[in-house]
file entry-v9.pdb (PDB, C-alpha atoms, pLDDT in the B column)
ATOM      1  CA  MET A 214       2.735  14.635  21.599  1.00 57.00           C
ATOM      2  CA  SER A 215       0.063  13.342  23.975  1.00 73.00           C
ATOM      3  CA  ALA A 216       0.151   9.808  25.319  1.00 80.00           C
ATOM      4  CA  LEU A 217      -3.313   9.215  23.820  1.00 84.00           C
ATOM      5  CA  VAL A 218      -2.149  10.056  20.300  1.00 80.00           C
ATOM      6  CA  GLN A 219       0.962   7.907  20.714  1.00 82.00           C
ATOM      7  CA  SER A 220      -1.068   4.962  22.012  1.00 86.00           C
ATOM      8  CA  TYR A 221      -3.638   5.254  19.239  1.00 89.00           C
ATOM      9  CA  SER A 222      -0.961   5.527  16.553  1.00 86.00           C
ATOM     10  CA  LEU A 223       0.942   2.541  17.953  1.00 85.00           C
ATOM     11  CA  LEU A 224      -2.166   0.373  18.257  1.00 90.00           C
ATOM     12  CA  ALA A 225      -3.371   1.278  14.777  1.00 90.00           C
ATOM     13  CA  THR A 226       0.063   0.540  13.328  1.00 89.00           C
ATOM     14  CA  LEU A 227       0.265  -2.862  15.020  1.00 91.00           C
ATOM     15  CA  VAL A 228      -3.251  -3.790  13.844  1.00 92.00           C
ATOM     16  CA  PHE A 229      -2.437  -2.667  10.311  1.00 92.00           C
ATOM     17  CA  ILE A 230       0.756  -4.706  10.139  1.00 93.00           C
ATOM     18  CA  ALA A 231      -0.797  -7.775  11.808  1.00 93.00           C
ATOM     19  CA  VAL A 232      -3.846  -7.936   9.523  1.00 92.00           C
ATOM     20  CA  SER A 233      -1.700  -7.217   6.474  1.00 94.00           C
ATOM     21  CA  ALA A 234       0.609 -10.067   7.496  1.00 95.00           C
ATOM     22  CA  LEU A 235      -2.369 -12.461   7.836  1.00 93.00           C
ATOM     23  CA  VAL A 236      -3.647 -11.531   4.382  1.00 92.00           C
ATOM     24  CA  ALA A 237      -0.170 -11.792   2.824  1.00 94.00           C
ATOM     25  CA  VAL A 238       0.566 -15.191   4.366  1.00 94.00           C
ATOM     26  CA  ARG A 239      -2.825 -16.525   3.339  1.00 92.00           C
ATOM     27  CA  LEU A 240      -2.250 -15.448  -0.258  1.00 93.00           C
ATOM     28  CA  VAL A 241       1.265 -16.904  -0.388  1.00 95.00           C
ATOM     29  CA  LEU A 242       0.015 -20.223   1.028  1.00 94.00           C
ATOM     30  CA  LEU A 243      -2.839 -20.194  -1.480  1.00 91.00           C
ATOM     31  CA  ALA A 244      -0.348 -19.627  -4.291  1.00 93.00           C
ATOM     32  CA  ARG A 245       1.723 -22.528  -3.018  1.00 92.00           C
ATOM     33  CA  ARG A 246      -1.337 -24.770  -3.274  1.00 92.00           C
ATOM     34  CA  THR A 247      -2.753 -23.484  -6.566  1.00 90.00           C
ATOM     35  CA  ARG A 248       0.512 -22.463  -8.257  1.00 88.00           C
ATOM     36  CA  GLY A 249      -1.298 -19.247  -9.125  1.00 89.00           C
ATOM     37  CA  LYS A 250       0.861 -16.286 -10.112  1.00 93.00           C
ATOM     38  CA  PRO A 251      -1.639 -13.527  -9.118  1.00 92.00           C
ATOM     39  CA  GLU A 252      -1.968 -14.817  -5.556  1.00 93.00           C
ATOM     40  CA  LEU A 253       1.805 -14.997  -5.183  1.00 96.00           C
ATOM     41  CA  LEU A 254       2.395 -11.507  -6.595  1.00 96.00           C
ATOM     42  CA  LEU A 255      -0.254  -9.894  -4.406  1.00 94.00           C
ATOM     43  CA  GLY A 256       0.837 -11.798  -1.303  1.00 95.00           C
ATOM     44  CA  LEU A 257       4.463 -10.772  -1.782  1.00 97.00           C
ATOM     45  CA  GLY A 258       3.359  -7.225  -2.594  1.00 96.00           C
ATOM     46  CA  ILE A 259       1.461  -6.829   0.682  1.00 95.00           C
ATOM     47  CA  LEU A 260       4.247  -8.546   2.593  1.00 96.00           C
ATOM     48  CA  GLY A 261       6.866  -6.214   1.141  1.00 96.00           C
ATOM     49  CA  THR A 262       4.986  -2.919   1.425  1.00 95.00           C
ATOM     50  CA  ALA A 263       2.694  -3.155   4.455  1.00 93.00           C
ATOM     51  CA  VAL A 264       4.589  -5.636   6.626  1.00 95.00           C
ATOM     52  CA  LEU A 265       8.348  -5.920   6.100  1.00 96.00           C
ATOM     53  CA  GLY A 266       9.087  -2.623   4.378  1.00 94.00           C
ATOM     54  CA  TYR A 267       6.730  -0.456   6.438  1.00 91.00           C
ATOM     55  CA  GLY A 268       7.660  -2.204   9.669  1.00 91.00           C
ATOM     56  CA  THR A 269      11.386  -1.813   9.105  1.00 91.00           C
ATOM     57  CA  LEU A 270      11.040   1.857   8.170  1.00 86.00           C
ATOM     58  CA  ILE A 271       9.023   2.487  11.339  1.00 85.00           C
ATOM     59  CA  VAL A 272      11.817   0.982  13.439  1.00 84.00           C
ATOM     60  CA  ALA A 273      14.340   3.156  11.600  1.00 79.00           C
ATOM     61  CA  THR A 274      12.194   6.251  12.222  1.00 75.00           C
ATOM     62  CA  VAL A 275      11.857   5.471  15.930  1.00 74.00           C
ATOM     63  CA  LEU A 276      15.623   5.107  16.253  1.00 72.00           C
ATOM     64  CA  ARG A 277      16.216   8.436  14.494  1.00 67.00           C
ATOM     65  CA  GLY A 278      13.477  10.365  16.309  1.00 62.00           C
ATOM     66  CA  ASP A 279      10.428  12.236  15.023  1.00 51.00           C
ATOM     67  CA  THR A 280      12.231  15.349  13.786  1.00 49.00           C
ATOM     68  CA  ASN A 281      15.560  13.833  12.810  1.00 52.00           C
ATOM     69  CA  LEU A 282      15.474  12.589   9.217  1.00 57.00           C
ATOM     70  CA  VAL A 283      19.177  11.782   9.070  1.00 60.00           C
ATOM     71  CA  ALA A 284      20.446   8.284   9.903  1.00 60.00           C
ATOM     72  CA  LYS A 285      23.694   8.770  11.797  1.00 63.00           C
ATOM     73  CA  THR A 286      24.750   5.231  12.767  1.00 72.00           C
ATOM     74  CA  PHE A 287      25.408   2.204  10.613  1.00 72.00           C
ATOM     75  CA  SER A 288      22.429   0.345  12.113  1.00 76.00           C
ATOM     76  CA  GLU A 289      20.090   3.250  11.344  1.00 76.00           C
ATOM     77  CA  ARG A 290      21.340   3.424   7.757  1.00 79.00           C
ATOM     78  CA  ALA A 291      21.065  -0.347   7.375  1.00 84.00           C
ATOM     79  CA  LEU A 292      17.477  -0.356   8.658  1.00 85.00           C
ATOM     80  CA  TYR A 293      16.458   2.537   6.432  1.00 85.00           C
ATOM     81  CA  GLY A 294      18.106   0.898   3.428  1.00 86.00           C
ATOM     82  CA  ALA A 295      16.525  -2.509   4.103  1.00 91.00           C
ATOM     83  CA  GLY A 296      13.101  -0.965   4.655  1.00 92.00           C
ATOM     84  CA  THR A 297      13.346   1.046   1.454  1.00 91.00           C
ATOM     85  CA  ILE A 298      14.383  -1.949  -0.652  1.00 94.00           C
ATOM     86  CA  LEU A 299      11.729  -4.237   0.874  1.00 96.00           C
ATOM     87  CA  HIS A 300       9.035  -1.611   0.370  1.00 96.00           C
ATOM     88  CA  ASP A 301       9.971  -0.978  -3.261  1.00 97.00           C
ATOM     89  CA  ALA A 302      10.141  -4.724  -3.916  1.00 97.00           C
ATOM     90  CA  GLY A 303       6.580  -4.931  -2.588  1.00 97.00           C
ATOM     91  CA  VAL A 304       5.476  -2.057  -4.836  1.00 98.00           C
ATOM     92  CA  THR A 305       7.017  -3.936  -7.762  1.00 98.00           C
ATOM     93  CA  MET A 306       4.983  -7.047  -6.947  1.00 98.00           C
ATOM     94  CA  VAL A 307       1.742  -5.039  -6.737  1.00 97.00           C
ATOM     95  CA  ILE A 308       2.383  -3.389 -10.111  1.00 98.00           C
ATOM     96  CA  LEU A 309       3.064  -6.785 -11.673  1.00 97.00           C
ATOM     97  CA  PHE A 310      -0.105  -8.137 -10.022  1.00 97.00           C
ATOM     98  CA  VAL A 311      -2.244  -5.404 -11.601  1.00 96.00           C
ATOM     99  CA  LEU A 312      -0.606  -5.993 -14.978  1.00 96.00           C
ATOM    100  CA  THR A 313      -1.075  -9.780 -14.762  1.00 96.00           C
ATOM    101  CA  VAL A 314      -4.679  -9.772 -13.540  1.00 94.00           C
ATOM    102  CA  PHE A 315      -6.216  -6.807 -15.329  1.00 95.00           C
ATOM    103  CA  ARG A 316      -4.078  -6.055 -18.395  1.00 94.00           C
ATOM    104  CA  ALA A 317      -2.279  -9.263 -19.366  1.00 91.00           C
ATOM    105  CA  GLY A 318      -0.717  -9.080 -22.826  1.00 91.00           C
ATOM    106  CA  GLN A 319      -1.690  -5.446 -23.432  1.00 95.00           C
ATOM    107  CA  ARG A 320       1.257  -3.431 -24.694  1.00 96.00           C
ATOM    108  CA  PRO A 321       0.189   0.010 -23.361  1.00 96.00           C
ATOM    109  CA  ALA A 322      -0.194  -1.469 -19.885  1.00 97.00           C
ATOM    110  CA  GLN A 323       3.159  -3.247 -20.197  1.00 97.00           C
ATOM    111  CA  ALA A 324       4.767   0.055 -21.172  1.00 97.00           C
ATOM    112  CA  LEU A 325       3.140   1.803 -18.191  1.00 97.00           C
ATOM    113  CA  ALA A 326       4.313  -0.918 -15.795  1.00 98.00           C
ATOM    114  CA  ALA A 327       7.841  -0.746 -17.214  1.00 98.00           C
ATOM    115  CA  ALA A 328       7.911   3.054 -16.868  1.00 98.00           C
ATOM    116  CA  LEU A 329       6.716   2.852 -13.259  1.00 98.00           C
ATOM    117  CA  LEU A 330       9.339   0.256 -12.347  1.00 98.00           C
ATOM    118  CA  VAL A 331      12.183   2.123 -14.048  1.00 98.00           C
ATOM    119  CA  ALA A 332      11.162   5.320 -12.254  1.00 97.00           C
ATOM    120  CA  LEU A 333      10.791   3.526  -8.915  1.00 97.00           C
ATOM    121  CA  TRP A 334      14.123   1.720  -8.908  1.00 97.00           C
ATOM    122  CA  GLY A 335      16.007   4.366 -10.851  1.00 95.00           C
ATOM    123  CA  GLY A 336      14.813   7.001  -8.403  1.00 93.00           C
ATOM    124  CA  MET A 337      15.716   4.872  -5.410  1.00 91.00           C
ATOM    125  CA  LEU A 338      19.176   3.984  -6.701  1.00 91.00           C
ATOM    126  CA  GLY A 339      19.918   7.550  -7.781  1.00 90.00           C
ATOM    127  CA  THR A 340      18.897   8.956  -4.407  1.00 83.00           C
ATOM    128  CA  GLU A 341      20.795   6.409  -2.360  1.00 83.00           C
ATOM    129  CA  LEU A 342      23.965   6.608  -4.437  1.00 82.00           C
ATOM    130  CA  GLU A 343      24.068  10.267  -3.425  1.00 78.00           C
ATOM    131  CA  ASN A 344      23.404   9.883   0.285  1.00 74.00           C
ATOM    132  CA  GLY A 345      24.055   6.229   1.140  1.00 70.00           C
ATOM    133  CA  PHE A 346      20.708   5.710   2.917  1.00 69.00           C
ATOM    134  CA  ARG A 347      21.529   8.507   5.364  1.00 68.00           C
ATOM    135  CA  ASP A 348      18.282  10.408   4.688  1.00 65.00           C
ATOM    136  CA  PRO A 349      15.274  10.324   2.318  1.00 64.00           C
ATOM    137  CA  GLY A 350      16.957  12.797  -0.052  1.00 66.00           C
ATOM    138  CA  ILE A 351      13.970  15.142   0.033  1.00 74.00           C
ATOM    139  CA  GLY A 352      13.934  17.608  -2.861  1.00 71.00           C
ATOM    140  CA  ASN A 353      16.455  15.599  -4.864  1.00 81.00           C
ATOM    141  CA  GLY A 354      15.323  14.997  -8.452  1.00 87.00           C
ATOM    142  CA  PHE A 355      15.614  11.241  -8.000  1.00 90.00           C
ATOM    143  CA  TRP A 356      13.485  11.489  -4.846  1.00 89.00           C
ATOM    144  CA  TRP A 357      10.678  13.140  -6.807  1.00 92.00           C
ATOM    145  CA  VAL A 358      10.862  10.448  -9.483  1.00 94.00           C
ATOM    146  CA  ARG A 359      10.618   7.632  -6.921  1.00 94.00           C
ATOM    147  CA  TYR A 360       7.857   9.211  -4.882  1.00 94.00           C
ATOM    148  CA  ALA A 361       5.841   9.978  -7.997  1.00 95.00           C
ATOM    149  CA  VAL A 362       5.482   6.194  -8.296  1.00 97.00           C
ATOM    150  CA  ILE A 363       4.873   5.590  -4.580  1.00 96.00           C
ATOM    151  CA  TRP A 364       2.151   8.242  -4.492  1.00 96.00           C
ATOM    152  CA  SER A 365       0.411   7.045  -7.658  1.00 96.00           C
ATOM    153  CA  TYR A 366       0.777   3.261  -8.071  1.00 96.00           C
ATOM    154  CA  PRO A 367      -2.201   2.364  -5.770  1.00 96.00           C
ATOM    155  CA  LEU A 368      -4.465   4.426  -8.032  1.00 97.00           C
ATOM    156  CA  TRP A 369      -3.885   1.968 -10.883  1.00 97.00           C
ATOM    157  CA  THR A 370      -5.239  -0.799  -8.657  1.00 96.00           C
ATOM    158  CA  THR A 371      -8.216   1.390  -7.726  1.00 97.00           C
ATOM    159  CA  VAL A 372      -9.108   2.226 -11.329  1.00 97.00           C
ATOM    160  CA  GLU A 373      -8.843  -1.369 -12.544  1.00 97.00           C
ATOM    161  CA  SER A 374     -10.737  -2.784  -9.547  1.00 96.00           C
ATOM    162  CA  TYR A 375     -13.596  -0.301  -9.923  1.00 96.00           C
ATOM    163  CA  ARG A 376     -13.739  -0.991 -13.662  1.00 95.00           C
ATOM    164  CA  TYR A 377     -14.103  -4.717 -13.015  1.00 93.00           C
ATOM    165  CA  TYR A 378     -16.655  -4.064 -10.294  1.00 94.00           C
ATOM    166  CA  ALA A 379     -18.792  -2.193 -12.829  1.00 93.00           C
ATOM    167  CA  LEU A 380     -18.480  -5.112 -15.254  1.00 91.00           C
ATOM    168  CA  MET A 381     -19.393  -7.617 -12.544  1.00 90.00           C
ATOM    169  CA  ARG A 382     -22.475  -5.606 -11.552  1.00 88.00           C
ATOM    170  CA  ARG A 383     -23.790  -5.825 -15.102  1.00 88.00           C
ATOM    171  CA  ARG A 384     -23.236  -9.578 -15.041  1.00 87.00           C
ATOM    172  CA  MET A 385     -24.941  -9.840 -11.649  1.00 82.00           C
ATOM    173  CA  ALA A 386     -28.048  -8.258 -13.152  1.00 77.00           C
ATOM    174  CA  VAL A 387     -28.489 -11.304 -15.388  1.00 78.00           C
ATOM    175  CA  GLY A 388     -27.333 -13.846 -12.808  1.00 75.00           C
ATOM    176  CA  LEU A 389     -23.883 -14.459 -14.295  1.00 76.00           C
ATOM    177  CA  ALA A 390     -21.716 -13.232 -11.411  1.00 77.00           C
ATOM    178  CA  ASP A 391     -21.319 -14.012  -7.724  1.00 84.00           C
ATOM    179  CA  PRO A 392     -22.198 -10.947  -5.578  1.00 86.00           C
ATOM    180  CA  LEU A 393     -19.402 -11.775  -3.125  1.00 87.00           C
ATOM    181  CA  VAL A 394     -16.784 -11.883  -5.884  1.00 87.00           C
ATOM    182  CA  ALA A 395     -18.094  -8.637  -7.362  1.00 90.00           C
ATOM    183  CA  ASN A 396     -18.000  -6.969  -3.962  1.00 92.00           C
ATOM    184  CA  ARG A 397     -14.369  -8.002  -3.514  1.00 92.00           C
ATOM    185  CA  PHE A 398     -13.387  -5.846  -6.489  1.00 94.00           C
ATOM    186  CA  TRP A 399     -15.031  -2.835  -4.839  1.00 95.00           C
ATOM    187  CA  LEU A 400     -13.434  -3.587  -1.467  1.00 95.00           C
ATOM    188  CA  TRP A 401      -9.987  -4.060  -2.932  1.00 93.00           C
ATOM    189  CA  GLY A 402     -10.223  -0.937  -5.090  1.00 95.00           C
ATOM    190  CA  THR A 403     -11.334   1.151  -2.125  1.00 96.00           C
ATOM    191  CA  GLY A 404      -8.584  -0.365   0.025  1.00 95.00           C
ATOM    192  CA  ALA A 405      -6.026   0.638  -2.616  1.00 95.00           C
ATOM    193  CA  LEU A 406      -7.429   4.168  -2.527  1.00 96.00           C
ATOM    194  CA  GLY A 407      -6.984   4.103   1.246  1.00 95.00           C
ATOM    195  CA  THR A 408      -3.361   3.062   0.740  1.00 94.00           C
ATOM    196  CA  ALA A 409      -2.854   6.095  -1.489  1.00 95.00           C
ATOM    197  CA  LEU A 410      -4.478   8.434   1.041  1.00 95.00           C
ATOM    198  CA  ALA A 411      -2.397   7.037   3.908  1.00 93.00           C
ATOM    199  CA  THR A 412       0.777   7.406   1.844  1.00 93.00           C
ATOM    200  CA  TRP A 413      -0.027  10.991   0.934  1.00 94.00           C
ATOM    201  CA  THR A 414      -0.788  11.872   4.549  1.00 93.00           C
ATOM    202  CA  ALA A 415       2.348  10.176   5.873  1.00 89.00           C
ATOM    203  CA  SER A 416       4.441  12.122   3.345  1.00 88.00           C
ATOM    204  CA  ILE A 417       3.458  15.554   4.695  1.00 88.00           C
ATOM    205  CA  PRO A 418       6.448  15.723   7.115  1.00 82.00           C
ATOM    206  CA  TYR A 419       8.801  15.465   4.138  1.00 80.00           C
ATOM    207  CA  PHE A 420       7.573  18.860   2.949  1.00 83.00           C
ATOM    208  CA  LEU A 421       8.131  20.315   6.411  1.00 80.00           C
ATOM    209  CA  ALA A 422      11.678  19.019   6.830  1.00 70.00           C
ATOM    210  CA  SER A 423      13.132  22.532   6.641  1.00 74.00           C
ATOM    211  CA  GLN A 424      10.735  23.705   9.386  1.00 79.00           C
ATOM    212  CA  PRO A 425      11.238  21.215  12.266  1.00 75.00           C
ATOM    213  CA  GLU A 426       9.085  23.166  14.738  1.00 80.00           C
ATOM    214  CA  LEU A 427       6.150  23.236  12.331  1.00 81.00           C
ATOM    215  CA  ALA A 428       6.696  19.558  11.520  1.00 75.00           C
ATOM    216  CA  LEU A 429       6.616  18.713  15.212  1.00 78.00           C
ATOM    217  CA  ALA A 430       3.410  20.712  15.697  1.00 81.00           C
ATOM    218  CA  TRP A 431       1.691  18.880  12.851  1.00 83.00           C
ATOM    219  CA  THR A 432       2.966  15.428  13.808  1.00 83.00           C
ATOM    220  CA  PRO A 433       0.039  14.461  16.118  1.00 84.00           C
ATOM    221  CA  ALA A 434      -2.601  15.347  13.512  1.00 88.00           C
ATOM    222  CA  ILE A 435      -0.667  13.582  10.772  1.00 88.00           C
ATOM    223  CA  ARG A 436      -0.254  10.444  12.863  1.00 87.00           C
ATOM    224  CA  VAL A 437      -3.941  10.342  13.815  1.00 90.00           C
ATOM    225  CA  ALA A 438      -5.029  10.848  10.206  1.00 92.00           C
ATOM    226  CA  THR A 439      -2.603   8.250   8.841  1.00 91.00           C
ATOM    227  CA  ALA A 440      -3.532   5.733  11.546  1.00 90.00           C
ATOM    228  CA  THR A 441      -7.253   6.218  10.961  1.00 93.00           C
ATOM    229  CA  VAL A 442      -6.981   5.771   7.212  1.00 94.00           C
ATOM    230  CA  GLY A 443      -4.733   2.762   7.790  1.00 91.00           C
ATOM    231  CA  LEU A 444      -7.293   1.128  10.073  1.00 91.00           C
ATOM    232  CA  ALA A 445     -10.067   1.708   7.532  1.00 94.00           C
ATOM    233  CA  THR A 446      -7.881   0.273   4.783  1.00 94.00           C
ATOM    234  CA  VAL A 447      -6.943  -2.837   6.718  1.00 90.00           C
ATOM    235  CA  GLY A 448     -10.618  -3.312   7.585  1.00 91.00           C
ATOM    236  CA  LEU A 449     -11.393  -3.391   3.868  1.00 93.00           C
ATOM    237  CA  TYR A 450      -8.576  -5.900   3.340  1.00 89.00           C
ATOM    238  CA  ALA A 451     -10.038  -8.113   6.064  1.00 87.00           C
ATOM    239  CA  LEU A 452     -13.512  -7.981   4.498  1.00 90.00           C
ATOM    240  CA  THR A 453     -12.008  -8.803   1.109  1.00 90.00           C
ATOM    241  CA  PHE A 454     -10.262 -11.981   2.234  1.00 86.00           C
ATOM    242  CA  PHE A 455     -12.001 -12.891   5.504  1.00 86.00           C
ATOM    243  CA  PRO A 456     -15.666 -11.871   5.070  1.00 89.00           C
ATOM    244  CA  PRO A 457     -17.620 -12.989   8.168  1.00 89.00           C
ATOM    245  CA  ALA A 458     -20.868 -14.929   7.791  1.00 90.00           C
ATOM    246  CA  ALA A 459     -22.935 -11.888   8.824  1.00 90.00           C
ATOM    247  CA  TYR A 460     -21.351  -9.796   6.048  1.00 89.00           C
ATOM    248  CA  ARG A 461     -21.989 -12.545   3.508  1.00 88.00           C
ATOM    249  CA  ARG A 462     -25.645 -12.731   4.557  1.00 86.00           C
ATOM    250  CA  TRP A 463     -26.028  -8.963   4.424  1.00 86.00           C
ATOM    251  CA  LEU A 464     -24.461  -8.820   0.972  1.00 83.00           C
ATOM    252  CA  ALA A 465     -26.694 -11.634  -0.334  1.00 78.00           C
ATOM    253  CA  GLY A 466     -29.771  -9.912   1.103  1.00 74.00           C
ATOM    254  CA  ALA A 467     -28.859  -6.515  -0.279  1.00 65.00           C
ATOM    255  CA  THR A 468     -28.160  -8.005  -3.696  1.00 63.00           C
ATOM    256  CA  GLY A 469     -31.446  -9.915  -3.708  1.00 57.00           C
ATOM    257  CA  ALA A 470     -33.434  -6.842  -2.706  1.00 52.00           C
ATOM    258  CA  ALA A 471     -31.844  -4.818  -5.492  1.00 52.00           C
ATOM    259  CA  ARG A 472     -33.012  -7.237  -8.185  1.00 50.00           C
TER     260      ARG A 472
END

call {"tool": "encode", "arguments": {"input": "entry-v9.pdb", "output": "structure tokens"}}
result
Amino acid sequence: MSALVQSYSLLATLVFIAVSALVAVRLVLLARRTRGKPELLLGLGILGTAVLGYGTLIVATVLRGDTNLVAKTFSERALYGAGTILHDAGVTMVILFVLTVFRAGQRPAQALAAALLVALWGGMLGTELENGFRDPGIGNGFWWVRYAVIWSYPLWTTVESYRYYALMRRRMAVGLADPLVANRFWLWGTGALGTALATWTASIPYFLASQPELALAWTPAIRVATATVGLATVGLYALTFFPPAAYRRWLAGATGAAR
């Protein structure tokens, strides 16, 4: 792998984790001040998935090597296990956030959230009871159950955010909604879609585990694609929670011109 690809991937990863950490900490501090449950759930969700879980799994991957998916030492197994648990805890918080904010008290949504969480944790526990955090358990039935949730849960956020964005646009037309708030639903929904795309791209090596030479050949392209989508996603997160004055002015102008 070229030094340029490695540098780009490393820089993109550090930016992604740093911005995600800023957003997560800001939300947790906001929840501490407001006692708001949604802020706390989302803050912990980002902290678990994009910062602590993702960061720990990256360290575990570096220790194992690009083509070695088996953790051989106790420290490697411990890191992989901690990263997996932290990541899945973050996914749990995001699912509960979507349920609380968009579908509170609705039984079908509660049933969907419960099914996702049972599949997530049941799949993780079933996989790890078999291999003790030595490897991802690729191809194992429990692995498929867990990853079905990991690959799909961001799409629930996307669908609900876009639905609310459409509702807010109708309210904006009669002056009953703030354009900045409405735009945040679009940004967050698109960022969640970016999370899904990055997850799908990063999962490609799992399907090439039995062909290490092919996996190694595809690694640079996969890393560039994942890093690029990650940067775009974190940029959307930043605009959602830290919109600069110029963006606010542009949004107000664009909204005014559309009326």

call {"tool": "atom_distance", "arguments": {"input": "entry-v9.pdb", "atom1": "CA of Arg462 (chain A)", "atom2": "CA of Ile230 (chain A)"}}
result
28.2 Å

call {"tool": "closest_residue", "arguments": {"input": "entry-v9.pdb", "among": "A:Leu389, A:Leu338, A:Ala332, A:Ile271", "to": "Leu292 (chain A)", "atoms": "all atoms listed in the file"}}
result
A:Ile271

call {"tool": "atom_distance", "arguments": {"input": "entry-v9.pdb", "atom1": "CA of Tyr377 (chain A)", "atom2": "CA of Gly256 (chain A)"}}
result
20.3 Å

call {"tool": "atom_distance", "arguments": {"input": "entry-v9.pdb", "atom1": "CA of Ile363 (chain A)", "atom2": "CA of Ile435 (chain A)"}}
result
18.2 Å

call {"tool": "residues_near_point", "arguments": {"input": "entry-v9.pdb", "point": "(5.6, 1.9, -10.4)", "cutoff": "7 Å", "atoms": "all atoms listed in the file", "output": "ChimeraX atom specification"}}
result
/A:304-305,308,326,328-330,332-333,362-363,366

call {"tool": "residues_around", "arguments": {"input": "entry-v9.pdb", "residues": "Leu254 (chain A)", "least_positions_apart": "2", "cutoff": "12 Å", "atoms": "only C-alpha atoms", "output": "count of residues only"}}
result
32
